[in-house]
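Participant: Sharing upload-v9.cif, mmCIF, C-alpha atoms:
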data_target
#
loop_
_atom_site.label_atom_id
_atom_site.label_comp_id
_atom_site.auth_asym_id
_atom_site.auth_seq_id
_atom_site.Cartn_x
_atom_site.Cartn_y
_atom_site.Cartn_z
CA MET F 1 -36.06 -242.95 -53.93
CA LYS F 2 -35.88 -246.73 -54.09
CA VAL F 3 -39.26 -248.24 -54.93
CA LEU F 4 -40.25 -251.83 -54.14
CA VAL F 5 -42.55 -253.01 -56.93
CA VAL F 6 -44.57 -256.00 -55.72
CA GLY F 7 -46.05 -258.00 -58.56
CA ALA F 8 -43.34 -256.81 -60.92
CA ASN F 9 -43.95 -259.63 -63.39
CA GLY F 10 -47.56 -258.56 -63.89
CA GLN F 11 -48.59 -256.44 -66.84
CA ILE F 12 -48.78 -253.21 -64.85
CA GLY F 13 -45.89 -253.97 -62.51
CA LYS F 14 -43.51 -254.73 -65.35
CA GLN F 15 -44.22 -251.37 -66.98
CA VAL F 16 -43.79 -249.59 -63.65
CA VAL F 17 -40.31 -251.04 -63.25
CA GLU F 18 -39.39 -250.19 -66.84
CA LYS F 19 -40.59 -246.61 -66.48
CA ILE F 20 -38.83 -246.03 -63.17
CA GLN F 21 -35.57 -247.36 -64.55
CA LYS F 22 -35.87 -245.44 -67.81
CA GLU F 23 -36.80 -242.15 -66.13
CA GLY F 24 -33.81 -242.38 -63.82
CA LYS F 25 -35.23 -240.19 -61.06
CA HIS F 26 -35.81 -243.19 -58.80
CA THR F 27 -34.70 -246.82 -58.79
CA ALA F 28 -36.85 -249.94 -58.73
CA LYS F 29 -36.55 -253.17 -56.80
CA ALA F 30 -38.65 -255.80 -58.53
CA VAL F 31 -40.39 -258.46 -56.45
CA VAL F 32 -41.25 -261.64 -58.34
CA ARG F 33 -42.35 -265.14 -57.41
CA LYS F 34 -40.27 -267.29 -59.78
CA GLU F 35 -36.51 -267.39 -60.28
CA GLU F 36 -36.82 -267.39 -64.07
CA GLN F 37 -38.54 -263.98 -63.85
CA LEU F 38 -35.53 -262.25 -62.29
CA SER F 39 -33.24 -261.77 -65.28
CA GLN F 40 -35.53 -259.46 -67.28
CA PHE F 41 -35.43 -256.93 -64.44
CA GLN F 42 -31.74 -257.38 -63.77
CA ASP F 43 -31.20 -256.55 -67.44
CA LEU F 44 -32.93 -253.22 -66.77
CA GLY F 45 -30.50 -252.50 -63.95
CA ALA F 46 -33.17 -253.00 -61.28
CA GLU F 47 -32.58 -254.75 -58.00
CA THR F 48 -34.64 -257.90 -57.55
CA ALA F 49 -36.11 -260.02 -54.79
CA LEU F 50 -37.65 -263.48 -54.90
CA VAL F 51 -40.72 -263.49 -52.64
CA ASP F 52 -43.89 -265.60 -52.45
CA LEU F 53 -46.81 -263.47 -51.24
CA GLU F 54 -48.34 -266.60 -49.76
CA GLY F 55 -45.27 -266.86 -47.52
CA SER F 56 -44.39 -264.92 -44.39
CA ILE F 57 -44.54 -261.21 -43.66
CA ASP F 58 -40.89 -261.42 -42.63
CA ASP F 59 -39.88 -262.45 -46.17
CA ILE F 60 -41.67 -259.45 -47.65
CA ALA F 61 -40.23 -257.15 -44.98
CA GLU F 62 -36.71 -258.36 -45.77
CA ALA F 63 -37.25 -257.39 -49.43
CA ALA F 64 -38.61 -254.00 -48.35
CA LYS F 65 -35.60 -253.11 -46.18
CA GLY F 66 -33.75 -250.11 -47.51
CA THR F 67 -36.55 -249.00 -49.82
CA ASP F 68 -38.50 -245.75 -49.55
CA ALA F 69 -41.83 -246.66 -51.12
CA VAL F 70 -43.88 -249.70 -52.07
CA ILE F 71 -46.08 -250.09 -55.13
CA PHE F 72 -48.40 -253.10 -54.76
CA ALA F 73 -49.39 -254.19 -58.26
CA ALA F 74 -49.80 -257.90 -57.58
CA GLY F 75 -52.95 -259.87 -58.33
CA SER F 76 -53.99 -263.47 -58.68
CA GLY F 77 -55.18 -262.88 -62.25
CA GLY F 78 -58.45 -263.58 -63.98
CA HIS F 79 -57.81 -267.30 -64.50
CA THR F 80 -57.60 -268.31 -60.86
CA GLY F 81 -60.32 -269.11 -58.38
CA ALA F 82 -61.67 -267.11 -55.47
CA ASP F 83 -59.22 -268.81 -53.12
CA LYS F 84 -56.20 -267.31 -54.88
CA THR F 85 -57.89 -263.92 -55.03
CA ILE F 86 -58.24 -263.97 -51.25
CA LEU F 87 -54.67 -265.17 -50.75
CA ILE F 88 -53.02 -262.64 -53.10
CA ASP F 89 -55.30 -259.62 -53.63
CA LEU F 90 -56.42 -259.50 -49.99
CA ASP F 91 -54.03 -261.35 -47.69
CA GLY F 92 -50.95 -260.71 -49.85
CA ALA F 93 -51.76 -257.00 -49.94
CA ILE F 94 -52.33 -256.83 -46.19
CA LYS F 95 -49.11 -258.72 -45.47
CA THR F 96 -47.24 -256.29 -47.72
CA VAL F 97 -48.69 -253.33 -45.81
CA GLU F 98 -47.60 -254.88 -42.53
CA ALA F 99 -44.20 -255.75 -44.00
CA ALA F 100 -43.70 -252.14 -45.11
CA LYS F 101 -44.39 -250.96 -41.57
CA GLN F 102 -42.03 -253.59 -40.18
CA ALA F 103 -39.30 -252.44 -42.58
CA GLY F 104 -39.85 -248.76 -41.80
CA VAL F 105 -41.19 -247.86 -45.25
CA LYS F 106 -43.69 -245.01 -44.99
CA ARG F 107 -45.01 -244.54 -48.56
CA PHE F 108 -47.38 -247.14 -50.06
CA LEU F 109 -49.23 -247.10 -53.38
CA MET F 110 -51.93 -249.69 -54.03
CA VAL F 111 -53.43 -250.79 -57.34
CA SER F 112 -57.11 -251.46 -56.61
CA ALA F 113 -60.17 -251.52 -58.90
CA ILE F 114 -62.70 -248.91 -59.93
CA GLY F 115 -65.65 -248.39 -57.62
CA VAL F 116 -64.76 -251.00 -54.99
CA HIS F 117 -64.81 -248.37 -52.23
CA ARG F 118 -68.62 -248.49 -52.47
CA ARG F 119 -70.37 -251.85 -52.02
CA GLU F 120 -73.20 -250.86 -54.33
CA ASN F 121 -70.63 -250.79 -57.13
CA TRP F 122 -69.32 -254.28 -56.54
CA SER F 123 -69.57 -256.61 -59.51
CA SER F 124 -72.21 -259.28 -58.90
CA GLU F 125 -70.18 -261.70 -61.00
CA ILE F 126 -66.92 -261.35 -59.07
CA GLN F 127 -67.99 -260.13 -55.65
CA HIS F 128 -65.06 -261.96 -54.04
CA TYR F 129 -62.66 -259.84 -56.11
CA SER F 130 -64.42 -256.58 -55.21
CA ALA F 131 -64.47 -257.56 -51.53
CA ALA F 132 -60.78 -258.49 -51.56
CA LYS F 133 -59.81 -255.17 -53.11
CA HIS F 134 -62.13 -253.20 -50.83
CA TYR F 135 -60.84 -254.64 -47.58
CA ALA F 136 -57.19 -254.49 -48.65
CA ASP F 137 -57.74 -250.79 -49.32
CA VAL F 138 -59.44 -250.28 -45.95
CA TRP F 139 -56.54 -251.98 -44.20
CA LEU F 140 -54.09 -249.67 -45.96
CA GLU F 141 -56.17 -246.61 -45.13
CA ASN F 142 -56.03 -247.55 -41.44
CA SER F 143 -52.36 -248.51 -41.45
CA GLY F 144 -50.84 -245.14 -40.63
CA LEU F 145 -48.77 -245.26 -43.83
CA ASP F 146 -48.71 -242.43 -46.38
CA TYR F 147 -50.97 -244.20 -48.85
CA THR F 148 -52.28 -243.64 -52.34
CA ILE F 149 -54.94 -245.99 -53.72
CA VAL F 150 -55.34 -246.04 -57.51
CA ARG F 151 -58.58 -247.67 -58.70
CA PRO F 152 -58.32 -248.14 -62.48
CA GLY F 153 -61.24 -248.96 -64.73
CA GLY F 154 -61.28 -251.80 -67.23
CA LEU F 155 -57.70 -252.53 -68.25
CA THR F 156 -56.59 -252.71 -71.88
CA ASN F 157 -53.29 -253.42 -73.59
CA ASP F 158 -53.59 -250.37 -75.83
CA GLU F 159 -50.66 -247.99 -75.98
CA GLY F 160 -50.86 -245.36 -73.28
CA THR F 161 -51.94 -241.85 -74.24
CA GLY F 162 -50.77 -240.09 -71.08
CA LYS F 163 -54.29 -238.63 -70.81
CA VAL F 164 -56.53 -239.64 -67.91
CA VAL F 165 -59.27 -238.52 -65.56
CA ALA F 166 -59.02 -239.18 -61.84
CA GLY F 167 -61.80 -238.76 -59.29
CA LYS F 168 -63.62 -240.27 -56.36
CA ASP F 169 -66.71 -241.68 -58.10
CA LEU F 170 -66.17 -242.01 -61.82
CA ASP F 171 -68.37 -243.86 -64.26
CA ARG F 172 -66.90 -247.16 -65.30
CA GLY F 173 -64.56 -246.77 -68.23
CA TYR F 174 -61.36 -248.18 -69.61
CA ILE F 175 -57.70 -247.34 -69.39
CA PRO F 176 -54.50 -248.78 -70.90
CA ARG F 177 -52.30 -250.56 -68.40
CA GLU F 178 -49.49 -248.29 -69.53
CA ASP F 179 -51.38 -245.23 -68.29
CA VAL F 180 -51.96 -246.90 -64.93
CA ALA F 181 -48.20 -247.41 -64.75
CA ASN F 182 -47.65 -243.77 -65.80
CA THR F 183 -49.96 -242.66 -62.99
CA LEU F 184 -48.28 -244.79 -60.33
CA VAL F 185 -44.82 -243.50 -61.24
CA ALA F 186 -45.99 -239.88 -61.32
CA ALA F 187 -47.81 -240.31 -58.00
CA LEU F 188 -44.52 -241.11 -56.26
CA ASP F 189 -43.62 -237.40 -56.49
CA GLU F 190 -47.07 -235.87 -56.05
CA GLU F 191 -47.76 -234.96 -52.43
CA SER F 192 -51.38 -234.01 -53.13
CA VAL F 193 -52.35 -237.67 -53.57
CA ILE F 194 -50.97 -238.80 -50.22
CA ASN F 195 -53.71 -240.35 -48.06
CA LYS F 196 -56.16 -240.35 -50.97
CA GLY F 197 -57.84 -242.94 -53.15
CA PHE F 198 -59.31 -242.29 -56.59
CA ASP F 199 -60.83 -243.95 -59.63
CA LEU F 200 -58.84 -243.68 -62.85
CA VAL F 201 -59.93 -243.98 -66.49
CA SER F 202 -58.81 -242.56 -69.82
CA GLY F 203 -59.58 -238.87 -70.22
CA GLU F 204 -58.32 -235.55 -71.52
CA GLN F 205 -55.95 -234.37 -68.78
CA SER F 206 -52.27 -235.14 -68.49
CA VAL F 207 -51.46 -237.56 -65.68
CA GLU F 208 -49.69 -234.78 -63.76
CA GLU F 209 -52.64 -232.37 -64.05
CA ALA F 210 -55.15 -235.05 -63.05
CA LEU F 211 -53.18 -236.01 -59.95
CA LYS F 212 -52.92 -232.39 -58.78
CA GLU F 213 -56.71 -232.08 -58.93
CA VAL F 214 -57.59 -235.31 -57.08
#
Produce structure tokens that represent the structure in this file.
Facilitator:
Amino acid sequence: MKVLVVGANGQIGKQVVEKIQKEGKHTAKAVVRKEEQLSQFQDLGAETALVDLEGSIDDIAEAAKGTDAVIFAAGSGGHTGADKTILIDLDGAIKTVEAAKQAGVKRFLMVSAIGVHRRENWSSEIQHYSAAKHYADVWLENSGLDYTIVRPGGLTNDEGTGKVVAGKDLDRGYIPREDVANTLVAALDEESVINKGFDLVSGEQSVEEALKEV
């Protein structure tokens, strides 16, 4: 399976590409925004594509051609304003969904945020972020694609433990970015998570066990 990783230069996306390439079961195609970001993924043996998510759907679809799945791990980041959140986390995600359909890619995995499927859980401090994630997820759910929506809790840079808990309405918790990446890669081969969304935080189950019980 060839996997298009959108947002490959981000902290989760980069680890997803590394894990896919190291595992060897699938191959990654890394989508980045800047030319100077390409070489690190080429050094891993991954294919690359230079795409601006604020550009056209056709550009994203061209990158998606010949791939079998998309992992959307892009985000505007915590240091940008609400405008960039809307353009990347919402519109960029929706354009990538539409591009996947245009390119004939059926499988789509989305990195969302814990609790955003319920408005009462939206953060009062960053409601624009919660709304962007929520409506991008809804668009994916209604797209007809074989989707999986992963909603991680607070992200840390701790080393991954490989132990998580996954469920529909979890209490807010934390999880290393590495374990989010572990979950995304494992979910590529887990049919039980197709057409499902779930919260994800650190726990006591292996990633594989947690996914089977979602």
Participant: To test your reading of the syntax: which residues would the PyMOL selection byres ((chain F and resi 24) around 12) return for the file shown? Reply as a list in words.
Facilitator: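 When the PyMOL selection byres ((chain F and resi 24) around 12) is applied, the selected residues are Met1, Lys2, Val3, Val17, Glu18, Lys19, Ile20, Gln21, Lys22, Glu23, Lys25, His26, Thr27, Ala28, Leu44, Gly45, Ala46 and Val185 of chain F.
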Participant: When the PyMOL selection byres ((chain F and resi 10) around 9) is applied to the file above, which residues end up in the set, as a VMD selection string?
Facilitator: chain F and resid 7 to 9 11 to 15 32 73 to 75 77
Participant: Have a look at CA of Ala136 in chain F and CA of Leu184 in chain F and let me know their distance in Å, one decimal.
Facilitator: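 Going from CA of Ala136 in chain F over to CA of Leu184 in chain F covers 17.6 Å.
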Participant: Output the residue selection produced by the PyMOL selection byres ((chain F and resi 50) around 12) on the file above, formatted as a ChimeraX atom specification.
Facilitator: /F:4-9,29-39,41,47-49,51-53,55,59-60,62-64
Participant: Compile the contact shell of Val111 in chain F as an MDAnalysis selection string: residues with an atom at most 12 Å away, counting all atoms listed in the file, same-chain residues fewer than 6 positions apart removed.
Facilitator: chainID F and resid 5:7 10 12:13 16 70:75 89:90 93 133:134 136:137 140 147:153 155 177 180:181 183:185 187 197:200
Participant: Calculated over only C-alpha atoms, which of the candidates F:Tyr174, F:Trp122, F:Tyr129, F:Trp139 has the smallest distance to Met110 in chain F?
Facilitator: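 Nearest to Met110 in chain F: F:Trp139.
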Participant: So how many Å separate CA of Ala113 in chain F and CA of Asp91 in chain F, to one decimal?
Facilitator: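 Interatomic distance here is 16.1 Å.
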Participant: Would you mind listing what lies within 12 Å of Glu190 in chain F as a list in words, with all atoms listed in the file counted and same-chain residues fewer than 6 positions away left out?
Facilitator: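 Non-adjacent residues within range: Arg107, Leu109, Asp146, Tyr147, Thr148, Thr183, Leu184, Lys196, Val207, Glu208, Glu209, Ala210, Leu211, Lys212, Glu213 and Val214 of chain F.
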Participant: Given the point (-62.8, -262.1, -64.5) in the coordinates of this file, which residues lie within 10 Å, counting all atoms listed in the file, and how would they look as a list in words?
Facilitator: Gly77, Gly78, His79, Thr80, Gly81, Glu125, Ile126 and Tyr129 of chain F
